[in-house]
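Enquirer: input_2.cif (mmCIF, C-alpha atoms and all ligand atoms) pasted underneath:
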data_target
loop_
_atom_site.label_atom_id
_atom_site.label_comp_id
_atom_site.auth_asym_id
_atom_site.auth_seq_id
_atom_site.Cartn_x
_atom_site.Cartn_y
_atom_site.Cartn_z
CA MET A 1 -9.91 -8.59 -65.50
CA SER A 2 -9.59 -7.32 -69.13
CA ILE A 3 -12.66 -7.08 -71.38
CA LEU A 4 -11.12 -9.79 -73.57
CA ASN A 5 -10.87 -12.05 -70.55
CA LYS A 6 -14.48 -11.33 -69.57
CA ILE A 7 -15.73 -12.25 -73.03
CA LEU A 8 -13.37 -15.08 -73.95
CA GLY A 9 -12.01 -16.29 -70.59
CA HIS A 10 -12.42 -20.05 -70.16
CA PRO A 11 -15.23 -20.59 -67.62
CA LEU A 12 -13.45 -23.54 -65.95
CA THR A 13 -10.51 -21.57 -64.53
CA ARG A 14 -12.19 -18.18 -64.12
CA GLY A 15 -11.64 -16.83 -60.60
CA LEU A 16 -8.84 -19.30 -59.74
CA SER A 17 -5.26 -18.13 -59.18
CA VAL A 18 -2.82 -19.40 -61.84
CA ASP A 19 -0.62 -20.68 -59.00
CA ASP A 20 -3.39 -22.83 -57.53
CA PRO A 21 -2.56 -26.48 -58.44
CA ARG A 22 -6.29 -26.88 -59.29
CA THR A 23 -5.73 -24.48 -62.19
CA THR A 24 -3.10 -26.85 -63.62
CA LEU A 25 -5.52 -29.79 -63.26
CA LEU A 26 -8.31 -27.89 -65.01
CA ARG A 27 -5.91 -26.80 -67.73
CA GLN A 28 -5.08 -30.48 -68.38
CA SER A 29 -8.72 -31.06 -69.33
CA ILE A 30 -8.95 -27.77 -71.25
CA ILE A 31 -6.04 -28.82 -73.49
CA GLN A 32 -7.59 -32.25 -74.09
CA ASP A 33 -10.99 -30.70 -74.93
CA LYS A 34 -9.66 -28.10 -77.37
CA ALA A 35 -8.66 -29.98 -80.54
CA PHE A 36 -6.92 -26.95 -82.10
CA LEU A 37 -4.77 -26.36 -79.00
CA ARG A 38 -4.08 -30.09 -78.66
CA ALA A 39 -2.83 -30.19 -82.25
CA LEU A 40 -0.52 -27.26 -81.49
CA TYR A 41 0.95 -29.04 -78.46
CA GLU A 42 1.38 -32.19 -80.59
CA GLU A 43 3.44 -30.16 -83.06
CA TRP A 44 5.54 -28.72 -80.20
CA TYR A 45 6.20 -32.23 -78.88
CA GLU A 46 7.07 -33.58 -82.35
CA ARG A 47 9.55 -30.74 -82.82
CA ILE A 48 11.15 -31.37 -79.42
CA ILE A 49 11.42 -35.12 -80.00
CA GLY A 50 12.87 -34.47 -83.45
CA ALA A 51 15.69 -32.48 -81.81
CA LEU A 52 16.68 -35.27 -79.40
CA SER A 53 19.59 -37.53 -80.29
CA ASN A 54 18.87 -39.96 -77.47
CA LYS A 55 15.44 -40.53 -75.91
CA ASN A 56 16.33 -42.91 -73.05
CA ASP A 57 16.70 -40.60 -70.05
CA VAL A 58 14.70 -37.48 -70.79
CA LEU A 59 13.45 -35.16 -68.05
CA GLU A 60 10.54 -32.84 -68.76
CA LEU A 61 10.49 -29.78 -66.48
CA GLY A 62 7.21 -28.12 -65.51
CA SER A 63 5.04 -30.77 -67.18
CA GLY A 64 2.00 -29.01 -65.71
CA ALA A 65 -1.08 -29.25 -67.89
CA GLY A 66 0.79 -30.70 -70.88
CA PHE A 67 0.72 -34.28 -72.21
CA PHE A 68 4.27 -34.93 -73.38
CA GLN A 69 4.20 -38.40 -71.83
CA PHE A 70 1.39 -39.48 -74.21
CA VAL A 71 3.86 -38.88 -77.03
CA LEU A 72 7.05 -40.12 -75.31
CA PRO A 73 5.88 -42.54 -72.55
CA GLU A 74 9.39 -43.07 -71.13
CA VAL A 75 9.87 -39.36 -70.37
CA ILE A 76 10.36 -38.45 -66.69
CA THR A 77 7.62 -35.86 -66.23
CA SER A 78 8.09 -33.41 -63.36
CA GLU A 79 6.52 -30.48 -61.56
CA VAL A 80 7.41 -28.18 -58.69
CA PHE A 81 4.20 -29.17 -56.90
CA GLU A 82 2.27 -32.44 -56.50
CA THR A 83 0.41 -33.02 -59.81
CA PRO A 84 -1.52 -36.18 -60.79
CA GLY A 85 0.27 -38.21 -63.46
CA VAL A 86 3.62 -36.52 -62.91
CA LYS A 87 6.53 -38.82 -61.99
CA LEU A 88 8.88 -36.48 -60.08
CA ILE A 89 8.77 -33.31 -57.99
CA ALA A 90 11.64 -31.23 -59.37
CA ASP A 91 12.74 -27.62 -59.27
CA ALA A 92 14.86 -26.63 -62.27
CA CYS A 93 17.26 -24.87 -59.88
CA ALA A 94 17.87 -27.96 -57.67
CA LEU A 95 17.35 -31.13 -59.66
CA PRO A 96 16.86 -34.23 -57.45
CA LEU A 97 18.92 -36.38 -59.85
CA PRO A 98 22.45 -37.86 -59.89
CA ASP A 99 25.29 -36.43 -61.99
CA HIS A 100 25.30 -37.42 -65.69
CA SER A 101 21.96 -39.24 -65.36
CA LEU A 102 20.12 -37.57 -68.27
CA ASP A 103 20.28 -37.54 -72.06
CA ALA A 104 18.13 -34.44 -72.25
CA ILE A 105 16.01 -31.87 -70.46
CA VAL A 106 12.93 -30.68 -72.33
CA MET A 107 10.25 -28.12 -71.55
CA THR A 108 7.40 -26.15 -73.05
CA ASP A 109 6.69 -22.67 -71.71
CA VAL A 110 8.77 -23.21 -68.56
CA PHE A 111 12.18 -21.51 -68.98
CA HIS A 112 10.60 -18.05 -68.66
CA HIS A 113 9.26 -19.03 -65.20
CA ILE A 114 12.60 -20.26 -63.77
CA PRO A 115 13.59 -17.77 -61.07
CA ASP A 116 17.38 -18.33 -61.39
CA VAL A 117 18.34 -19.55 -64.86
CA GLY A 118 22.05 -19.40 -63.96
CA ARG A 119 21.42 -22.01 -61.26
CA PHE A 120 19.40 -24.07 -63.77
CA PHE A 121 22.31 -24.14 -66.25
CA LEU A 122 24.66 -25.34 -63.48
CA GLU A 123 22.19 -28.11 -62.62
CA ALA A 124 21.73 -29.02 -66.28
CA THR A 125 25.53 -29.17 -66.73
CA ARG A 126 25.75 -31.54 -63.76
CA CYS A 127 22.86 -33.85 -64.76
CA VAL A 128 23.00 -33.98 -68.57
CA ARG A 129 25.64 -36.24 -70.12
CA PRO A 130 28.13 -34.76 -72.60
CA GLY A 131 26.46 -34.78 -76.04
CA GLY A 132 23.05 -34.42 -74.37
CA LYS A 133 20.53 -31.68 -75.01
CA ILE A 134 18.28 -29.02 -73.56
CA VAL A 135 15.33 -28.47 -75.90
CA MET A 136 12.57 -26.00 -75.21
CA ILE A 137 9.68 -24.16 -76.80
CA GLU A 138 9.29 -20.70 -75.32
CA PRO A 139 7.80 -17.30 -76.01
CA TRP A 140 9.96 -15.25 -78.41
CA ARG A 141 10.30 -11.55 -78.98
CA THR A 142 9.33 -9.94 -82.27
CA PRO A 143 7.54 -6.57 -82.66
CA TRP A 144 4.27 -8.49 -83.16
CA SER A 145 4.74 -10.85 -80.20
CA GLU A 146 5.79 -7.99 -77.95
CA TRP A 147 2.49 -6.23 -78.70
CA VAL A 148 0.49 -9.42 -78.12
CA TYR A 149 2.31 -10.42 -74.92
CA THR A 150 2.05 -6.88 -73.56
CA HIS A 151 -1.59 -6.20 -74.45
CA LEU A 152 -3.38 -9.55 -74.63
CA HIS A 153 -1.49 -11.80 -72.22
CA SER A 154 -1.53 -11.79 -68.45
CA GLU A 155 2.15 -12.70 -67.90
CA PRO A 156 4.81 -9.98 -67.58
CA PHE A 157 6.94 -9.34 -70.68
CA TYR A 158 10.01 -7.18 -69.93
CA PRO A 159 12.63 -7.23 -72.72
CA ASP A 160 14.81 -4.64 -70.92
CA SER A 161 15.17 -6.69 -67.72
CA GLY A 162 18.04 -8.79 -66.43
CA TRP A 163 17.99 -12.59 -66.16
CA GLU A 164 16.21 -12.77 -62.82
CA ILE A 165 12.43 -12.70 -62.57
CA PRO A 166 10.44 -11.10 -59.77
CA SER A 167 9.76 -13.66 -57.06
CA ALA A 168 6.16 -14.89 -57.13
CA GLY A 169 4.33 -18.22 -57.55
CA PRO A 170 5.49 -20.93 -60.01
CA LEU A 171 3.17 -19.64 -62.75
CA SER A 172 2.70 -15.99 -61.86
CA GLY A 173 6.46 -15.46 -61.53
CA ALA A 174 7.50 -14.94 -65.15
CA ASN A 175 9.13 -12.80 -67.78
CA GLY A 176 7.98 -13.90 -71.23
CA ALA A 177 10.94 -12.07 -72.77
CA LEU A 178 13.53 -14.08 -70.78
CA PRO A 179 14.37 -16.69 -73.48
CA TRP A 180 14.97 -13.87 -76.00
CA ILE A 181 17.05 -11.96 -73.41
CA VAL A 182 19.32 -14.94 -72.57
CA PHE A 183 19.69 -16.55 -76.02
CA GLN A 184 19.56 -13.51 -78.33
CA ARG A 185 20.13 -10.17 -76.58
CA ASP A 186 22.76 -11.57 -74.16
CA ARG A 187 23.98 -14.46 -76.31
CA ALA A 188 27.66 -13.47 -75.96
CA LEU A 189 27.29 -13.36 -72.16
CA PHE A 190 25.50 -16.72 -72.14
CA GLU A 191 28.27 -18.31 -74.24
CA ALA A 192 30.97 -16.84 -72.00
CA GLN A 193 29.29 -17.97 -68.77
CA TYR A 194 28.23 -21.44 -69.91
CA PRO A 195 30.83 -22.61 -72.46
CA GLN A 196 29.65 -26.20 -71.78
CA TRP A 197 26.46 -25.38 -73.71
CA ARG A 198 26.44 -24.83 -77.47
CA LEU A 199 23.41 -22.97 -78.82
CA LYS A 200 22.63 -25.20 -81.81
CA ASN A 201 19.38 -23.79 -83.09
CA ILE A 202 16.83 -21.06 -82.50
CA GLU A 203 13.80 -21.40 -84.71
CA PRO A 204 11.17 -18.68 -84.32
CA MET A 205 7.70 -19.99 -85.15
CA MET A 206 3.92 -19.72 -84.84
CA PRO A 207 2.87 -16.09 -85.24
CA PHE A 208 -0.88 -16.60 -84.89
CA SER A 209 -1.80 -20.20 -84.12
CA TYR A 210 -1.41 -20.03 -80.33
CA LEU A 211 -3.48 -16.86 -80.23
CA LEU A 212 -6.16 -18.48 -82.41
CA SER A 213 -6.19 -21.55 -80.16
CA GLY A 214 -7.21 -19.35 -77.22
CA GLY A 215 -4.42 -21.01 -75.21
CA VAL A 216 -5.18 -22.53 -71.82
CA SER A 217 -7.09 -19.58 -70.41
CA MET A 218 -9.48 -18.66 -73.25
CA ARG A 219 -12.36 -20.44 -74.90
CA ASN A 220 -11.91 -22.41 -78.12
CA LEU A 221 -11.70 -19.97 -81.03
CA LEU A 222 -11.29 -22.37 -83.98
CA PRO A 223 -12.14 -26.05 -84.65
CA GLY A 224 -9.33 -28.60 -84.69
CA TRP A 225 -9.54 -29.24 -88.46
CA MET A 226 -8.39 -25.65 -89.07
CA TYR A 227 -5.02 -26.22 -87.38
CA ARG A 228 -3.20 -27.61 -90.46
CA PRO A 229 -4.47 -24.92 -92.90
CA ILE A 230 -3.52 -22.17 -90.42
CA ARG A 231 -0.02 -23.62 -90.05
CA VAL A 232 0.38 -23.79 -93.84
CA LEU A 233 -0.65 -20.14 -94.02
CA GLU A 234 1.77 -19.16 -91.25
CA ARG A 235 4.66 -20.85 -93.02
CA ALA A 236 3.74 -19.17 -96.32
CA LEU A 237 3.66 -15.75 -94.62
CA GLY A 238 7.15 -16.28 -93.20
CA GLN A 239 7.11 -17.21 -89.52
CA LYS A 240 10.33 -15.62 -88.32
CA GLN A 241 9.56 -11.91 -88.24
CA TRP A 242 6.11 -12.47 -86.71
CA ALA A 243 6.93 -15.37 -84.41
CA MET A 244 5.38 -15.65 -80.95
CA PHE A 245 7.43 -18.73 -79.97
CA ALA A 246 10.80 -20.29 -80.67
CA LEU A 247 12.20 -23.80 -80.58
CA ILE A 248 15.56 -23.51 -78.80
CA GLU A 249 18.14 -26.31 -78.86
CA LEU A 250 21.31 -26.48 -76.77
CA GLU A 251 23.95 -29.22 -76.78
CA HIS A 252 26.18 -30.17 -73.86
CA ALA A 253 29.62 -29.81 -75.40
CA SER A 254 31.87 -31.26 -72.69
C1 LIG B 1 3.07 -21.98 -68.31
S1 LIG B 1 3.25 -23.44 -67.40
C2 LIG B 1 3.62 -24.60 -68.67
C3 LIG B 1 3.13 -25.96 -68.31
C4 LIG B 1 3.29 -27.02 -69.40
N1 LIG B 1 4.69 -27.28 -69.69
C5 LIG B 1 2.56 -26.64 -70.64
O1 LIG B 1 3.20 -26.46 -71.69
O2 LIG B 1 1.35 -26.50 -70.60
C6 LIG B 1 4.81 -23.21 -66.61
C7 LIG B 1 5.23 -24.37 -65.74
O3 LIG B 1 6.54 -24.14 -65.22
C8 LIG B 1 6.60 -24.65 -63.92
N2 LIG B 1 7.70 -24.05 -63.16
C9 LIG B 1 7.75 -22.82 -62.62
N3 LIG B 1 8.91 -22.65 -61.95
C10 LIG B 1 9.61 -23.80 -62.10
C11 LIG B 1 10.89 -24.25 -61.63
N4 LIG B 1 11.67 -23.48 -60.86
N5 LIG B 1 11.28 -25.49 -61.95
C12 LIG B 1 10.50 -26.31 -62.71
N6 LIG B 1 9.29 -25.93 -63.19
C13 LIG B 1 8.85 -24.70 -62.89
C14 LIG B 1 5.23 -24.31 -63.34
O4 LIG B 1 4.91 -25.05 -62.20
C15 LIG B 1 4.32 -24.57 -64.53
O5 LIG B 1 3.81 -25.86 -64.57
#
Take the structure from the file and write it as structure tokens.

Expert:
Amino acid sequence: MSILNKILGHPLTRGLSVDDPRTTLLRQSIIQDKAFLRALYEEWYERIIGALSNKNDVLELGSGAGFFQFVLPEVITSEVFETPGVKLIADACALPLPDHSLDAIVMTDVFHHIPDVGRFFLEATRCVRPGGKIVMIEPWRTPWSEWVYTHLHSEPFYPDSGWEIPSAGPLSGANGALPWIVFQRDRALFEAQYPQWRLKNIEPMMPFSYLLSGGVSMRNLLPGWMYRPIRVLERALGQKQWAMFALIELEHAS
């Protein structure tokens, strides 16, 4: 355990494996208790909803500790393991849904845990109707974020890797650099392999706010009322070159 974790680690989940479903349950209450972090998630959800053209049949992958369904009650929440409040057990690589049954697939912090993203894109192509979307908020690579994800975060961050991630549990198996690898470094390859998907928008964002929120594994670092001023400051500083996350939007072209 790092010194930072010893000092700032959230007492509720200390000692539990990230893959233990109890960790996800405890993280649900951590997010609700931390007003600053909750405000950040609310902004993520607003941005995702703003990118949807149709909100009727929307699947959220890896709903986990999040609360997307408070904001969009009709969303089909899902998880790879039994989780209270989640409507469907679903693996991104084998969706238990009929062809052309969805308007969109959304996710926050999930794509970089999917063990076979090629398989996921085939499943998304099958299930999402033409004109539909995949919208996600994911870690993004900048020199700043690479330092943070490498030194202050427990998940692996390997920008030189391929598209596959080392096999492990649903949360411990990860490469935080994967979204950047697929949609930026290997964009030409992605477009050649999945011509059904048009990369409509990549918007790098949030250089410091997630860090200041303490995320789901650290204690609260700032009160909720400071969220808006911090976001104003981040925008004024220019978010792109320092971003830790990106909003990524894809459209099903055929
Ligand atoms: C970092 S958590 C994010 C949880 C939640 N979306 C949030 O923002 O707090 C990553 C989530 O991805 C899920 N996940 C991992 N592999 C998955 C897969 N193959 N298909 C769907 N979800 C997966 C995990 O179970 C976990 O809930």

Enquirer: Would you mind telling me which residue in A:Gly173, A:Pro96, A:Pro229, A:Pro143 lies nearest to ligand LIG 1 (chain B) when using only C-alpha atoms and all ligand atoms?

Expert: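 That would be A:Gly173, the residue with the smallest distance to ligand LIG 1 (chain B).
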
Enquirer: Here is a test: counting all atoms listed in the file, which residue of A:Leu152, A:Pro223, A:Glu251, A:Ser172 is nearest to A:Tyr194?

Expert: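 Looking at the shortest contact to A:Tyr194, the residue is A:Glu251.
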
Enquirer: Counting only C-alpha atoms and all ligand atoms, which residue out of A:Ala192, A:Val71, A:Ala51, A:Val216 sits closest to ligand LIG 1 (chain B)?

Expert: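 Answer, going by the shortest atom-to-atom distance: A:Val216.
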
Enquirer: Given a cut-off of 8 Å, what residues near ligand LIG 1 (chain B) show up using only C-alpha atoms and all ligand atoms, put as number ranges by chain?

Expert: A: 19, 24, 27-28, 41, 61-67, 78-81, 90-93, 107-111, 113-116, 169-171, 173, 216

Enquirer: Write to file, as a PDB file, in the coordinates of the input, the residues of the selection just made, with C-alpha atoms.

Expert:
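Writing the result to result-v7.pdb gives the following:
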ATOM      1  CA  ASP A  19      -0.620 -20.680 -59.000  1.00  0.00           C
ATOM      2  CA  THR A  24      -3.100 -26.850 -63.620  1.00  0.00           C
ATOM      3  CA  ARG A  27      -5.910 -26.800 -67.730  1.00  0.00           C
ATOM      4  CA  GLN A  28      -5.080 -30.480 -68.380  1.00  0.00           C
ATOM      5  CA  TYR A  41       0.950 -29.040 -78.460  1.00  0.00           C
ATOM      6  CA  LEU A  61      10.490 -29.780 -66.480  1.00  0.00           C
ATOM      7  CA  GLY A  62       7.210 -28.120 -65.510  1.00  0.00           C
ATOM      8  CA  SER A  63       5.040 -30.770 -67.180  1.00  0.00           C
ATOM      9  CA  GLY A  64       2.000 -29.010 -65.710  1.00  0.00           C
ATOM     10  CA  ALA A  65      -1.080 -29.250 -67.890  1.00  0.00           C
ATOM     11  CA  GLY A  66       0.790 -30.700 -70.880  1.00  0.00           C
ATOM     12  CA  PHE A  67       0.720 -34.280 -72.210  1.00  0.00           C
ATOM     13  CA  SER A  78       8.090 -33.410 -63.360  1.00  0.00           C
ATOM     14  CA  GLU A  79       6.520 -30.480 -61.560  1.00  0.00           C
ATOM     15  CA  VAL A  80       7.410 -28.180 -58.690  1.00  0.00           C
ATOM     16  CA  PHE A  81       4.200 -29.170 -56.900  1.00  0.00           C
ATOM     17  CA  ALA A  90      11.640 -31.230 -59.370  1.00  0.00           C
ATOM     18  CA  ASP A  91      12.740 -27.620 -59.270  1.00  0.00           C
ATOM     19  CA  ALA A  92      14.860 -26.630 -62.270  1.00  0.00           C
ATOM     20  CA  CYS A  93      17.260 -24.870 -59.880  1.00  0.00           C
ATOM     21  CA  MET A 107      10.250 -28.120 -71.550  1.00  0.00           C
ATOM     22  CA  THR A 108       7.400 -26.150 -73.050  1.00  0.00           C
ATOM     23  CA  ASP A 109       6.690 -22.670 -71.710  1.00  0.00           C
ATOM     24  CA  VAL A 110       8.770 -23.210 -68.560  1.00  0.00           C
ATOM     25  CA  PHE A 111      12.180 -21.510 -68.980  1.00  0.00           C
ATOM     26  CA  HIS A 113       9.260 -19.030 -65.200  1.00  0.00           C
ATOM     27  CA  ILE A 114      12.600 -20.260 -63.770  1.00  0.00           C
ATOM     28  CA  PRO A 115      13.590 -17.770 -61.070  1.00  0.00           C
ATOM     29  CA  ASP A 116      17.380 -18.330 -61.390  1.00  0.00           C
ATOM     30  CA  GLY A 169       4.330 -18.220 -57.550  1.00  0.00           C
ATOM     31  CA  PRO A 170       5.490 -20.930 -60.010  1.00  0.00           C
ATOM     32  CA  LEU A 171       3.170 -19.640 -62.750  1.00  0.00           C
ATOM     33  CA  GLY A 173       6.460 -15.460 -61.530  1.00  0.00           C
ATOM     34  CA  VAL A 216      -5.180 -22.530 -71.820  1.00  0.00           C
TER      35      VAL A 216
END

Enquirer: Tell me which of A:Glu82, A:Asp57, A:Glu138, A:Glu155 sits closest to A:Glu203, counting only C-alpha atoms.

Expert: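 Going through A:Glu82, A:Asp57, A:Glu138, A:Glu155 one by one, the smallest distance to A:Glu203 is for A:Glu138.
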
Enquirer: Kindly indicate which residue among A:Ala177, A:Ala124, A:Leu212, A:Val86 lies nearest to A:Phe245, using only C-alpha atoms for the distances.

Expert: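 The closest residue to A:Phe245 is A:Ala177.
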
Enquirer: Up to 8 Å from (24.4, -32.0, -65.8) in the file's coordinates: name the residues, counting all atoms listed in the file, as a ChimeraX atom specification.

Expert: /A:99-102,122-129

Enquirer: Atom CA of A:Arg47 to atom CA of A:Arg141: how many Å, to one decimal?

Expert: 19.6 Å

Enquirer: Between atom CA of A:Lys55 and atom CA of A:Asp103, what is the distance, to one decimal in Å?

Expert: 6.9 Å

Enquirer: Out of A:Ala35, A:Ile134, A:Met206, A:Val117, which residue has the shortest atom-to-atom distance to A:Leu52 when counting only C-alpha atoms?

Expert: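 Selected residue with least distance to A:Leu52: A:Ile134.
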
Enquirer: Do you have the atom CA of A:Leu178-atom CA of A:Tyr158 distance handy?

Expert: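 Distance between the two atoms: 7.8 Å.
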
Enquirer: What's the 6 Å shell around A:Glu249, counting all atoms listed in the file, without same-chain residues fewer than 5 positions away, as a list of chain:residue names?

Expert: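 Selected residues are A:Ile134, A:Val135, A:Lys200, A:Asn201.
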
Enquirer: Restrict the selected residues to C-alpha atoms and save them as a tab-separated table (two decimals), keeping the file's coordinate frame.

Expert:
chain	number	residue	atom	x	y	z
A	134	ILE	CA	18.28	-29.02	-73.56
A	135	VAL	CA	15.33	-28.47	-75.90
A	200	LYS	CA	22.63	-25.20	-81.81
A	201	ASN	CA	19.38	-23.79	-83.09
